[in-house]
$ cat target_13.txt   # compact mmCIF, C-alpha atoms and all ligand atoms
# COMPACT_ATOMS: atom_id res chain seq x y z
CA MET O 28 -26.05 -21.05 21.08
CA ARG O 29 -24.44 -17.66 20.61
CA LYS O 30 -25.22 -16.05 17.28
CA GLN O 31 -22.46 -14.69 15.07
CA ILE O 32 -22.50 -11.48 13.06
CA LEU O 33 -19.37 -11.40 10.94
CA ILE O 34 -18.25 -8.21 9.22
CA VAL O 35 -15.63 -8.30 6.48
CA GLY O 36 -13.73 -5.00 6.36
CA ALA O 37 -12.99 -2.18 8.80
CA GLY O 38 -13.48 0.81 6.52
CA PHE O 39 -16.22 3.37 6.90
CA ALA O 40 -19.01 0.87 6.24
CA GLY O 41 -17.54 -2.03 8.24
CA MET O 42 -16.70 0.08 11.29
CA TRP O 43 -20.18 1.62 11.43
CA ALA O 44 -21.86 -1.72 10.76
CA ALA O 45 -20.07 -3.21 13.77
CA LEU O 46 -20.97 -0.29 16.05
CA SER O 47 -24.55 -0.22 14.87
CA ALA O 48 -25.04 -3.97 15.38
CA ALA O 49 -23.47 -3.68 18.85
CA ARG O 50 -25.74 -0.75 19.65
CA LEU O 51 -28.92 -2.62 18.77
CA ALA O 52 -27.85 -5.73 20.70
CA ASP O 53 -27.04 -3.52 23.71
CA LYS O 54 -30.38 -1.73 23.43
CA ASN O 55 -32.14 -5.10 23.56
CA ASP O 56 -30.03 -6.24 26.56
CA ASN O 57 -28.85 -9.06 24.36
CA GLN O 58 -25.72 -10.86 25.51
CA THR O 59 -25.87 -13.73 23.04
CA ILE O 60 -24.73 -12.09 19.82
CA ASP O 61 -21.02 -11.96 18.98
CA ILE O 62 -20.01 -9.22 16.57
CA THR O 63 -16.69 -9.85 14.87
CA VAL O 64 -14.79 -7.76 12.33
CA ILE O 65 -12.11 -9.32 10.12
CA ALA O 66 -9.78 -6.85 8.39
CA PRO O 67 -6.06 -6.51 7.70
CA GLN O 68 -5.66 -3.75 10.32
CA PRO O 69 -7.68 -2.51 13.31
CA GLU O 70 -7.60 1.00 11.91
CA LEU O 71 -9.70 3.24 9.73
CA ARG O 72 -7.74 4.40 6.74
CA VAL O 73 -9.08 7.77 5.65
CA ARG O 74 -9.10 7.21 1.89
CA PRO O 75 -10.75 10.54 0.96
CA ARG O 76 -7.58 12.29 2.13
CA PHE O 77 -5.09 10.17 0.19
CA TYR O 78 -4.39 13.01 -2.28
CA GLU O 79 -2.83 14.96 0.61
CA ASN O 80 0.74 15.03 1.89
CA HIS O 81 1.86 12.89 4.89
CA VAL O 82 -0.46 10.10 3.89
CA GLU O 83 0.97 7.73 6.55
CA THR O 84 -0.75 9.87 9.21
CA LEU O 85 -4.21 9.44 7.70
CA VAL O 86 -5.29 6.51 9.86
CA SER O 87 -7.31 6.25 13.02
CA PRO O 88 -6.97 3.32 15.46
CA LEU O 89 -10.10 1.19 15.96
CA GLN O 90 -9.09 -1.32 18.64
CA PRO O 91 -9.96 0.99 21.59
CA LEU O 92 -13.34 1.71 20.00
CA PHE O 93 -14.03 -1.98 19.41
CA ASP O 94 -12.95 -2.81 22.99
CA ALA O 95 -15.26 -0.14 24.39
CA THR O 96 -18.23 -1.44 22.42
CA GLY O 97 -17.63 -5.19 22.78
CA VAL O 98 -16.77 -5.78 19.11
CA LYS O 99 -14.24 -8.58 18.49
CA PHE O 100 -11.50 -7.95 15.96
CA LEU O 101 -9.58 -10.54 13.97
CA ARG O 102 -6.56 -9.33 12.02
CA GLY O 103 -6.58 -11.01 8.62
CA THR O 104 -7.98 -11.21 5.14
CA VAL O 105 -11.02 -13.14 3.98
CA SER O 106 -10.19 -15.28 0.96
CA ASN O 107 -13.42 -17.27 0.46
CA ILE O 108 -17.07 -16.99 1.30
CA HIS O 109 -19.05 -20.23 1.61
CA PRO O 110 -22.74 -19.24 1.64
CA ASP O 111 -23.90 -22.89 1.76
CA SER O 112 -22.09 -23.62 5.03
CA ARG O 113 -22.43 -20.04 6.35
CA SER O 114 -18.71 -19.64 6.84
CA VAL O 115 -15.70 -17.78 5.49
CA SER O 116 -12.07 -18.83 5.09
CA TRP O 117 -9.63 -16.20 6.23
CA LYS O 118 -5.86 -15.90 6.51
CA ASP O 119 -4.22 -14.45 9.59
CA ALA O 120 -1.09 -12.29 9.57
CA ASN O 121 1.10 -15.45 9.58
CA GLY O 122 -0.60 -16.77 6.47
CA GLU O 123 -2.49 -19.50 8.35
CA THR O 124 -5.98 -20.25 7.09
CA HIS O 125 -8.97 -20.40 9.47
CA GLN O 126 -12.72 -20.82 9.12
CA HIS O 127 -15.27 -18.54 10.76
CA HIS O 128 -18.95 -19.41 11.02
CA TYR O 129 -21.58 -16.71 10.64
CA ASP O 130 -25.32 -16.42 11.17
CA ARG O 131 -25.28 -13.04 9.45
CA LEU O 132 -22.49 -11.89 7.13
CA ILE O 133 -21.95 -8.21 6.37
CA LEU O 134 -19.70 -7.72 3.38
CA ALA O 135 -17.93 -4.34 3.67
CA SER O 136 -14.70 -5.01 1.81
CA GLY O 137 -14.73 -1.76 -0.19
CA SER O 138 -13.38 -1.09 -3.65
CA HIS O 139 -10.16 -0.67 -5.58
CA VAL O 140 -8.99 1.07 -8.70
CA ASN O 141 -8.65 -1.32 -11.62
CA ARG O 142 -5.10 -1.09 -12.96
CA SER O 143 -5.17 -4.12 -15.22
CA PHE O 144 -7.07 -3.06 -18.34
CA VAL O 145 -4.60 -0.64 -19.93
CA SER O 146 -1.13 -1.69 -20.98
CA GLY O 147 1.70 -0.57 -18.68
CA VAL O 148 -0.47 0.81 -15.90
CA GLU O 149 0.33 -1.96 -13.42
CA ALA O 150 4.05 -1.62 -13.98
CA HIS O 151 4.46 2.13 -14.38
CA ALA O 152 1.52 4.16 -13.05
CA PHE O 153 1.02 5.39 -9.51
CA ASP O 154 -2.31 5.55 -7.71
CA LEU O 155 -3.83 6.83 -4.49
CA ASP O 156 -6.16 3.95 -3.81
CA LEU O 157 -4.52 2.41 -0.75
CA LEU O 158 -2.45 3.97 1.99
CA GLU O 159 0.56 2.02 0.73
CA SER O 160 0.18 3.06 -2.91
CA ALA O 161 -0.52 6.70 -1.98
CA ALA O 162 2.67 6.64 0.12
CA VAL O 163 4.63 5.35 -2.90
CA LEU O 164 3.21 8.23 -4.97
CA GLU O 165 4.15 10.76 -2.29
CA LYS O 166 7.70 9.38 -2.25
CA GLN O 167 7.87 9.62 -6.04
CA LEU O 168 6.75 13.25 -6.00
CA LYS O 169 9.37 14.12 -3.38
CA SER O 170 12.06 12.29 -5.34
CA LEU O 171 11.49 14.55 -8.37
CA ALA O 172 13.70 17.12 -6.66
CA ASN O 173 16.66 14.74 -7.12
CA GLN O 174 16.03 14.06 -10.79
CA PRO O 175 17.67 16.10 -13.55
CA GLU O 176 15.52 18.81 -15.10
CA SER O 177 13.43 17.50 -18.03
CA ASP O 178 9.89 17.71 -19.40
CA ALA O 179 9.18 14.25 -18.02
CA ARG O 180 10.32 15.22 -14.53
CA ASN O 181 8.30 18.42 -14.56
CA THR O 182 5.07 16.87 -15.86
CA VAL O 183 2.54 14.91 -13.84
CA VAL O 184 -0.26 13.23 -15.79
CA VAL O 185 -3.49 12.38 -13.97
CA CYS O 186 -5.47 9.76 -15.88
CA GLY O 187 -9.17 10.28 -15.24
CA GLY O 188 -11.05 13.46 -14.43
CA GLY O 189 -13.50 12.14 -11.81
CA PHE O 190 -13.57 13.45 -8.24
CA THR O 191 -10.39 11.61 -7.23
CA GLY O 192 -8.48 12.76 -10.31
CA ILE O 193 -9.66 16.35 -9.91
CA GLU O 194 -8.75 16.60 -6.21
CA MET O 195 -5.32 15.14 -6.92
CA ALA O 196 -4.69 17.35 -9.95
CA MET O 197 -5.68 20.56 -8.17
CA GLU O 198 -3.39 19.77 -5.26
CA LEU O 199 -0.40 19.13 -7.52
CA PRO O 200 0.63 22.63 -8.69
CA GLY O 201 1.22 23.64 -5.06
CA ARG O 202 2.91 20.34 -4.16
CA LEU O 203 5.22 20.54 -7.21
CA ARG O 204 6.18 24.13 -6.42
CA GLU O 205 7.13 23.07 -2.89
CA ILE O 206 9.23 20.20 -4.24
CA LEU O 207 10.80 21.75 -7.35
CA GLY O 208 10.80 25.45 -6.45
CA SER O 209 8.50 28.23 -7.51
CA ASN O 210 10.44 28.99 -10.72
CA SER O 211 10.26 25.48 -12.10
CA LYS O 212 8.27 24.90 -15.30
CA THR O 213 5.87 22.29 -13.97
CA ARG O 214 2.82 20.91 -15.79
CA VAL O 215 -0.19 19.04 -14.49
CA VAL O 216 -2.26 17.38 -17.21
CA VAL O 217 -5.60 15.62 -16.70
CA VAL O 218 -6.45 13.08 -19.39
CA GLU O 219 -10.22 12.80 -19.63
CA ARG O 220 -12.40 10.73 -21.97
CA GLY O 221 -15.36 13.14 -21.73
CA PRO O 222 -15.81 16.16 -24.00
CA GLN O 223 -15.03 18.82 -21.34
CA PRO O 224 -13.47 19.08 -17.89
CA GLY O 225 -15.94 17.68 -15.36
CA SER O 226 -18.32 16.73 -18.16
CA ARG O 227 -20.13 14.15 -16.01
CA TYR O 228 -21.13 16.85 -13.50
CA SER O 229 -23.72 19.65 -13.54
CA GLU O 230 -23.00 22.72 -15.66
CA GLU O 231 -22.65 24.86 -12.52
CA LEU O 232 -20.10 22.51 -10.97
CA ARG O 233 -18.30 22.05 -14.27
CA ASN O 234 -17.84 25.80 -14.63
CA VAL O 235 -16.26 25.98 -11.18
CA ILE O 236 -13.87 23.15 -12.08
CA ILE O 237 -12.94 24.91 -15.34
CA ASP O 238 -12.37 28.21 -13.52
CA ALA O 239 -10.22 26.61 -10.81
CA SER O 240 -8.20 24.64 -13.38
CA ALA O 241 -7.47 27.81 -15.36
CA GLU O 242 -6.41 29.73 -12.26
CA LEU O 243 -4.14 26.93 -11.01
CA GLY O 244 -2.74 26.16 -14.47
CA VAL O 245 -4.06 22.58 -14.56
CA GLU O 246 -4.39 21.48 -18.21
CA TRP O 247 -7.14 19.17 -19.43
CA LEU O 248 -6.83 16.90 -22.47
CA VAL O 249 -10.46 16.04 -23.21
CA ASN O 250 -11.91 13.46 -25.62
CA ALA O 251 -8.69 11.61 -24.83
CA GLU O 252 -8.06 8.01 -23.83
CA VAL O 253 -4.90 6.38 -22.59
CA GLU O 254 -3.52 3.72 -24.92
CA SER O 255 -0.54 2.77 -22.75
CA VAL O 256 1.75 3.92 -19.97
CA ASP O 257 5.49 3.28 -19.82
CA ALA O 258 8.43 4.41 -17.72
CA SER O 259 8.76 7.67 -19.60
CA GLY O 260 5.16 8.75 -20.11
CA VAL O 261 1.74 8.19 -21.59
CA THR O 262 0.62 7.43 -25.14
CA LEU O 263 -2.94 8.37 -26.01
CA LYS O 264 -5.19 6.43 -28.38
CA GLU O 265 -4.98 9.31 -30.86
CA GLY O 266 -1.20 8.80 -30.89
CA GLN O 267 -0.28 11.86 -28.83
CA ARG O 268 2.61 11.34 -26.45
CA ILE O 269 3.12 13.07 -23.08
CA ALA O 270 6.53 12.69 -21.48
CA SER O 271 6.12 12.18 -17.75
CA SER O 272 7.88 10.28 -15.00
CA THR O 273 4.77 10.49 -12.79
CA VAL O 274 1.55 9.09 -14.23
CA ILE O 275 -1.30 8.76 -11.75
CA TRP O 276 -4.12 6.31 -12.47
CA THR O 277 -7.59 7.06 -11.05
CA VAL O 278 -9.84 5.32 -13.57
CA GLY O 279 -12.07 2.26 -13.27
CA VAL O 280 -13.01 1.81 -9.63
CA GLN O 281 -14.38 -1.67 -8.93
CA ALA O 282 -16.03 -3.29 -5.92
CA SER O 283 -13.97 -5.81 -3.95
CA ASP O 284 -13.46 -9.14 -5.72
CA LEU O 285 -15.22 -10.94 -2.85
CA THR O 286 -18.53 -9.82 -4.35
CA ALA O 287 -17.97 -12.30 -7.19
CA GLN O 288 -18.09 -15.18 -4.71
CA ILE O 289 -21.76 -14.60 -4.02
CA ASN O 290 -24.04 -15.88 -6.74
CA ALA O 291 -26.20 -12.76 -7.02
CA PRO O 292 -26.77 -9.91 -9.48
CA ARG O 293 -24.07 -7.21 -9.56
CA ASP O 294 -23.82 -3.86 -11.34
CA ARG O 295 -21.12 -2.79 -13.82
CA GLN O 296 -18.78 -1.88 -10.99
CA GLY O 297 -19.24 -5.30 -9.39
CA ARG O 298 -21.49 -4.06 -6.60
CA LEU O 299 -24.08 -6.49 -5.25
CA HIS O 300 -27.72 -5.51 -5.66
CA VAL O 301 -29.35 -5.23 -2.26
CA ASN O 302 -32.92 -4.71 -1.06
CA ALA O 303 -34.00 -1.85 1.23
CA ASN O 304 -32.73 -3.79 4.28
CA LEU O 305 -29.36 -4.15 2.50
CA GLN O 306 -29.68 -7.93 2.12
CA VAL O 307 -28.09 -9.29 -1.02
CA GLU O 308 -30.69 -10.42 -3.53
CA GLY O 309 -31.51 -14.07 -2.83
CA TYR O 310 -29.70 -14.24 0.54
CA ASP O 311 -31.50 -13.39 3.81
CA ASP O 312 -28.31 -13.90 5.82
CA ILE O 313 -25.85 -11.84 3.72
CA TYR O 314 -25.77 -8.05 3.77
CA ALA O 315 -23.65 -5.86 1.49
CA THR O 316 -22.71 -2.34 2.47
CA GLY O 317 -20.49 0.58 1.52
CA ASP O 318 -18.71 0.40 -1.81
CA VAL O 319 -19.77 -3.24 -2.40
CA ALA O 320 -23.51 -2.43 -2.30
CA CYS O 321 -25.72 -1.16 -5.10
CA ALA O 322 -28.52 0.30 -2.97
CA ALA O 323 -31.40 2.59 -3.83
CA THR O 324 -31.22 5.80 -1.79
CA ASP O 325 -34.80 6.93 -2.53
CA ASP O 326 -37.83 6.14 -4.70
CA LYS O 327 -36.70 8.41 -7.53
CA GLY O 328 -34.19 6.02 -9.04
CA ASN O 329 -31.05 7.32 -7.32
CA HIS O 330 -28.50 4.84 -6.01
CA ALA O 331 -25.70 5.13 -3.47
CA LEU O 332 -22.34 6.08 -4.96
CA MET O 333 -18.94 4.80 -3.92
CA THR O 334 -18.48 7.59 -1.38
CA CYS O 335 -17.88 7.87 2.33
CA GLN O 336 -21.08 9.79 2.63
CA HIS O 337 -22.98 6.69 1.50
CA ALA O 338 -20.67 4.12 3.08
CA ILE O 339 -21.12 5.56 6.58
CA LEU O 340 -24.92 5.45 6.51
CA LEU O 341 -25.07 2.17 4.60
CA GLY O 342 -22.83 0.71 7.31
CA LYS O 343 -25.12 1.87 10.10
CA PHE O 344 -28.21 0.43 8.40
CA ALA O 345 -26.54 -2.87 7.52
CA GLY O 346 -25.30 -3.45 11.09
CA ASN O 347 -28.63 -2.46 12.56
CA ASN O 348 -30.59 -4.71 10.22
CA ALA O 349 -28.32 -7.74 10.61
CA ALA O 350 -28.71 -7.47 14.40
CA ALA O 351 -32.45 -6.82 14.12
CA SER O 352 -32.91 -10.04 12.14
CA LEU O 353 -31.34 -12.05 14.99
CA LEU O 354 -33.31 -10.17 17.65
CA ASN O 355 -36.66 -10.60 15.89
CA ALA O 356 -36.85 -6.81 15.66
CA GLU O 357 -38.14 -4.83 12.70
CA PRO O 358 -35.45 -3.83 10.17
CA SER O 359 -35.03 -0.17 9.20
CA PRO O 360 -35.17 0.39 5.44
CA TYR O 361 -32.14 2.31 4.16
CA ARG O 362 -32.95 5.80 2.91
CA GLN O 363 -30.52 8.64 2.12
CA GLU O 364 -32.37 11.33 0.20
CA MET O 365 -29.82 14.09 0.81
CA TYR O 366 -26.79 14.01 -1.49
CA VAL O 367 -24.02 16.59 -1.33
CA THR O 368 -20.55 16.89 -2.80
CA CYS O 369 -17.61 18.83 -1.47
CA LEU O 370 -14.67 18.87 -3.83
CA ASP O 371 -11.24 20.15 -2.84
CA LEU O 372 -9.78 22.43 -5.51
CA GLY O 373 -6.33 22.98 -4.03
CA ALA O 374 -5.18 26.57 -3.62
CA TRP O 375 -8.33 27.80 -5.41
CA GLY O 376 -10.46 26.61 -2.47
CA ALA O 377 -13.26 24.07 -2.78
CA VAL O 378 -16.79 23.72 -4.09
CA TYR O 379 -19.84 22.43 -2.23
CA THR O 380 -23.00 21.29 -4.03
CA GLU O 381 -26.36 20.01 -2.88
CA GLY O 382 -28.76 17.62 -4.57
CA TRP O 383 -28.31 15.04 -7.30
CA ASP O 384 -28.40 17.93 -9.78
CA GLN O 385 -25.33 19.39 -8.01
CA GLN O 386 -26.41 22.94 -7.34
CA VAL O 387 -23.38 24.95 -6.27
CA LYS O 388 -23.96 26.39 -2.78
CA LEU O 389 -20.49 27.37 -1.60
CA THR O 390 -17.16 28.03 -3.31
CA ARG O 391 -13.58 29.10 -2.51
CA GLU O 392 -12.69 29.55 1.18
CA GLU O 393 -16.19 28.95 2.55
CA ALA O 394 -16.37 25.57 0.84
CA LYS O 395 -12.77 24.81 1.83
CA THR O 396 -13.58 25.34 5.50
CA LEU O 397 -16.49 22.94 5.14
CA LYS O 398 -14.33 20.41 3.29
CA MET O 399 -11.74 20.50 6.05
CA SER O 400 -14.37 19.93 8.72
CA ILE O 401 -15.78 16.98 6.77
CA THR O 402 -12.52 15.22 6.00
CA ARG O 403 -10.66 16.07 9.22
CA GLU O 404 -13.48 15.62 11.74
CA LEU O 405 -16.86 14.42 10.54
CA ILE O 406 -15.79 11.20 8.84
CA TYR O 407 -13.39 10.11 11.58
CA PRO O 408 -14.46 7.38 14.04
CA PRO O 409 -16.29 8.43 17.19
CA LYS O 410 -14.54 8.61 20.57
CA ALA O 411 -13.75 5.22 22.10
CA GLU O 412 -16.59 5.60 24.59
CA ARG O 413 -19.49 3.18 24.51
CA ALA O 414 -22.31 5.72 24.99
CA VAL O 415 -20.91 8.20 22.46
CA ALA O 416 -20.26 5.50 19.86
CA PHE O 417 -23.71 3.95 20.26
CA GLU O 418 -25.44 7.31 19.99
CA MET O 419 -23.65 8.05 16.73
CA ALA O 420 -24.18 4.52 15.38
CA ASP O 421 -27.95 4.96 15.37
CA PRO O 422 -28.90 4.92 11.66
CA TYR O 423 -31.25 7.83 12.36
CA ALA O 424 -28.67 9.96 14.21
CA PRO O 425 -28.17 13.33 12.47
CA PHE O 426 -25.34 13.23 9.93
CA VAL O 427 -24.07 15.78 7.38
C1 LIG F 501 -8.32 8.92 -3.26
C2 LIG F 501 -9.74 8.79 -2.84
C3 LIG F 501 -10.47 9.94 -2.58
C4 LIG F 501 -11.80 9.83 -2.18
N1 LIG F 501 -12.49 10.98 -1.90
C5 LIG F 501 -13.73 10.91 -1.41
C6 LIG F 501 -14.43 12.07 -1.02
O1 LIG F 501 -13.92 13.19 -1.14
N2 LIG F 501 -15.67 11.94 -0.52
C7 LIG F 501 -16.25 10.72 -0.36
O2 LIG F 501 -17.39 10.66 0.13
N3 LIG F 501 -15.63 9.58 -0.74
C8 LIG F 501 -14.38 9.65 -1.26
N4 LIG F 501 -13.72 8.51 -1.63
C9 LIG F 501 -14.44 7.23 -1.58
C10 LIG F 501 -14.44 6.64 -0.18
O3 LIG F 501 -13.14 6.58 0.34
C11 LIG F 501 -15.03 5.25 -0.24
O4 LIG F 501 -16.33 5.34 -0.81
C12 LIG F 501 -15.13 4.65 1.15
O5 LIG F 501 -13.85 4.43 1.67
C13 LIG F 501 -15.90 3.34 1.09
O6 LIG F 501 -15.96 2.79 2.36
P1 LIG F 501 -15.99 1.21 2.53
O7 LIG F 501 -16.04 0.95 3.99
O8 LIG F 501 -17.03 0.63 1.66
O9 LIG F 501 -14.61 0.72 1.92
P2 LIG F 501 -13.10 1.04 2.44
O10 LIG F 501 -13.04 2.32 3.18
O11 LIG F 501 -12.25 0.86 1.25
O12 LIG F 501 -12.84 -0.13 3.44
C14 LIG F 501 -12.75 -1.48 3.01
C15 LIG F 501 -12.23 -2.30 4.16
O13 LIG F 501 -12.27 -3.69 3.79
C16 LIG F 501 -11.00 -4.28 4.06
N5 LIG F 501 -10.86 -5.41 3.16
C17 LIG F 501 -10.76 -5.40 1.82
N6 LIG F 501 -10.66 -6.67 1.37
C18 LIG F 501 -10.73 -7.48 2.45
C19 LIG F 501 -10.70 -8.89 2.63
N7 LIG F 501 -10.57 -9.74 1.60
N8 LIG F 501 -10.77 -9.38 3.90
C20 LIG F 501 -10.89 -8.54 4.95
N9 LIG F 501 -10.95 -7.21 4.83
C21 LIG F 501 -10.87 -6.68 3.60
C22 LIG F 501 -10.04 -3.12 3.84
O14 LIG F 501 -8.78 -3.39 4.42
C23 LIG F 501 -10.80 -2.01 4.56
O15 LIG F 501 -10.66 -2.15 5.94
C24 LIG F 501 -12.40 8.57 -2.04
C25 LIG F 501 -11.67 7.41 -2.29
C26 LIG F 501 -10.35 7.52 -2.69
C27 LIG F 501 -9.56 6.25 -2.96

$ encode --input "target_13.txt" --output "C-alpha cells" --more "lines below"
Ligand SMILES: Cc1cc2nc3c(=O)[nH]c(=O)nc-3n(C[C@H](O)[C@H](O)[C@H](O)COP(=O)(O)OP(=O)(O)OC[C@H]3O[C@@H](n4cnc5c(N)ncnc54)[C@H](O)[C@@H]3O)c2cc1C
Amino acid sequence: MRKQILIVGAGFAGMWAALSAARLADKNDNQTIDITVIAPQPELRVRPRFYENHVETLVSPLQPLFDATGVKFLRGTVSNIHPDSRSVSWKDANGETHQHHYDRLILASGSHVNRSFVSGVEAHAFDLDLLESAAVLEKQLKSLANQPESDARNTVVVCGGGFTGIEMAMELPGRLREILGSNSKTRVVVVERGPQPGSRYSEELRNVIIDASAELGVEWLVNAEVESVDASGVTLKEGQRIASSTVIWTVGVQASDLTAQINAPRDRQGRLHVNANLQVEGYDDIYATGDVACAATDDKGNHALMTCQHAILLGKFAGNNAAASLLNAEPSPYRQEMYVTCLDLGAWGAVYTEGWDQQVKLTREEAKTLKMSITRELIYPPKAERAVAFEMADPYAPFV
C-alpha cells in the first residue's frame, strides 16, 4: 500500500515540508510515498512584505515546483482533522467536502491576527495579515487622496508596536506623502501597551527604533491600550480619542484554529507543543511546523518564534522527519541556534541584529540592503528544478 504524507498549508513551512519529504523519499529511491499538499492556492504568499505597496504582486507560484518534485497539490481548505481515523475533511473550491487519509500529517496552517477581542476592530480596522486584507488596506490608503482634508483623513493609527506594527508605521510617512502630497499634515501614531517604543526588544534595538521614529516623525503613544475602534477613529482605555479614518490592527497573533482540533498541549498563542522531531505531544503520526509549532530551538530555553526564519527551517525538518518515519530512517532533531532580526525602518533604512539578546550589527542603508536581499530573494521558493529544490530542502543546507 502506498503511504500518504499529507501537508496542510502551502506557506513557508508547508512548502518546505513538502520539498523536504520529497527529497528524502527520492534519496531513498522510494516510489511508494505520496506527498500531498492541501491549501487554498498553489502559491506562496510572501507575508513579510505585506506592509509594502503593490501587495497583489507578492506571491510566487508553486505548481511548477510541486510538479518538478512530484508533490501532489489539492486546492482547498481543511475543515476537520480526525486523528482517530487518520484522515482530514477538506472542502474544494466548489464547496464540496472530501476526506483524505494520511499516514503522517504535517500541520502547517500558519497564523492569523486576532481581530475579535476589542470592540469595533472587526468592523472598522484594517490589517495586513492576508494578501486580501493587505490589498484592502492599500486601497484605503490610496483612497485618502479623494477624501476631504481632515484630521481623521490625515492620521493613520497603527495598533501594536511589534515588528509588524513598526515596519508598517515606518513605511507610512513616505506612502502618505506620495498619496496626499508632501505639504500635507499627515500623522502616523503607534499605540503601544509597553512603557516605551520597542520596549519588548533589547536596549540597543529600542534606541534605533526611537531614533528612526523621531527622524520619520512617527509618534508613539506608550502605556496605551485600545478600548474600541469605530468608523472615525480609536478610543483608548484612558479615554483619549484619536480621530482617524485608517486604523491598522497588528495585535494578538494566534496559531491557526486547526490546532484546537488536536487534543494536545498548546501555548498561549495556540501553538502545539512538539518534541525535537516536531511530532505533536502524544501523536507519533502528527507533526506541527511553522507558526503552529511551539518548538525548542536549542537547549537554553529558546523557542521558535512566529517568523519566516523559523518557519522555513521547521518546515524542512518536519518534512524530513515525517518521511524518515515511513522509511525507517533516523529522524533529524530540529535545532536552530542562530537567531537574527532584520527590521525595515522605511526611509530611515533598516536595522539588523544577531542573537536572542538582539545585538545591533548593521543599521541604515547597509541593513536595508540586507533586508531587501532577505525579503526579495532569500525567502522566495527555489527554482522549479528538482535537483535545485532538493538541495535546498535539505534541513542541513546552509541558510541565513
Ligand atoms: C505583515 C507581516 C509581516 C511579517 N514580517 C516578517 C518578517 O519581517 N520576518 C519574518 O521572519 N517573519 C515575518 N512575518 C511572519 C511570517 O510571515 C510567518 O511567520 C510565516 O508566514 C509563517 O509561515 P507558515 O508557513 O507557518 O504560515 P503561512 O505563511 O501563514 O502559511 C500558512 C498556509 O496555510 C494555509 N492554510 C491556512 N488554513 C488552512 C486550512 N484550514 N486548510 C488548508 N490550508 C490552510 C494558508 O493558506 C497558507 O498557505 C510577518 C508576518 C506578517 C503577517

$ residues_around --input "target_13.txt" --residues "O:Asp312" --least-positions-apart "3" --cutoff "9 Å" --atoms "all atoms listed in the file" --output "PyMOL selection string"
chain O and resi 110+113+129-133+306-307+349+352

$ residues_around --input "target_13.txt" --residues "stretch 176-185 of chain O" --least-positions-apart "3" --cutoff "6 Å" --atoms "all atoms listed in the file" --output "VMD selection string"
chain O and resid 213 to 217 270 to 275

$ closest_residue --input "target_13.txt" --among "O:Gly221, O:Pro88, O:Gly260, O:Gly279" --to "O:Val140" --atoms "all atoms listed in the file"
O:Gly279

$ axis_aligned_box --input "target_13.txt" --around "ligand LIG 501 (chain F)" --padding-each-side "8 Å" --output "lines of an AutoDock Vina configuration file"
center_x = -12.9
center_y = 1.7
center_z = 1.3
size_x = 25.1
size_y = 38.9
size_z = 25.2

$ closest_residue --input "target_13.txt" --among "O:Asp326, O:Asp53, O:Asp284, O:Glu83" --to "ligand LIG 501 (chain F)" --atoms "all atoms listed in the file"
O:Asp284

$ residues_around --input "target_13.txt" --residues "O:Val145" --least-positions-apart "3" --cutoff "10 Å" --atoms "all atoms listed in the file" --output "list in words"
Asn141, Arg142, Val148, Glu149, Val253, Glu254, Ser255 and Val256 of chain O

$ closest_residue --input "target_13.txt" --among "O:Leu92, O:Ala323, O:Val278, O:Ile60" --to "ligand LIG 501 (chain F)" --atoms "only C-alpha atoms and all ligand atoms"
O:Val278

$ atom_distance --input "target_13.txt" --atom1 "atom CA of O:Ala161" --atom2 "atom CA of O:Pro222"
28.4 Å

$ closest_residue --input "target_13.txt" --among "O:Ala282, O:Leu207, O:Met333, O:Met195" --to "ligand LIG 501 (chain F)" --atoms "only C-alpha atoms and all ligand atoms"
O:Met333
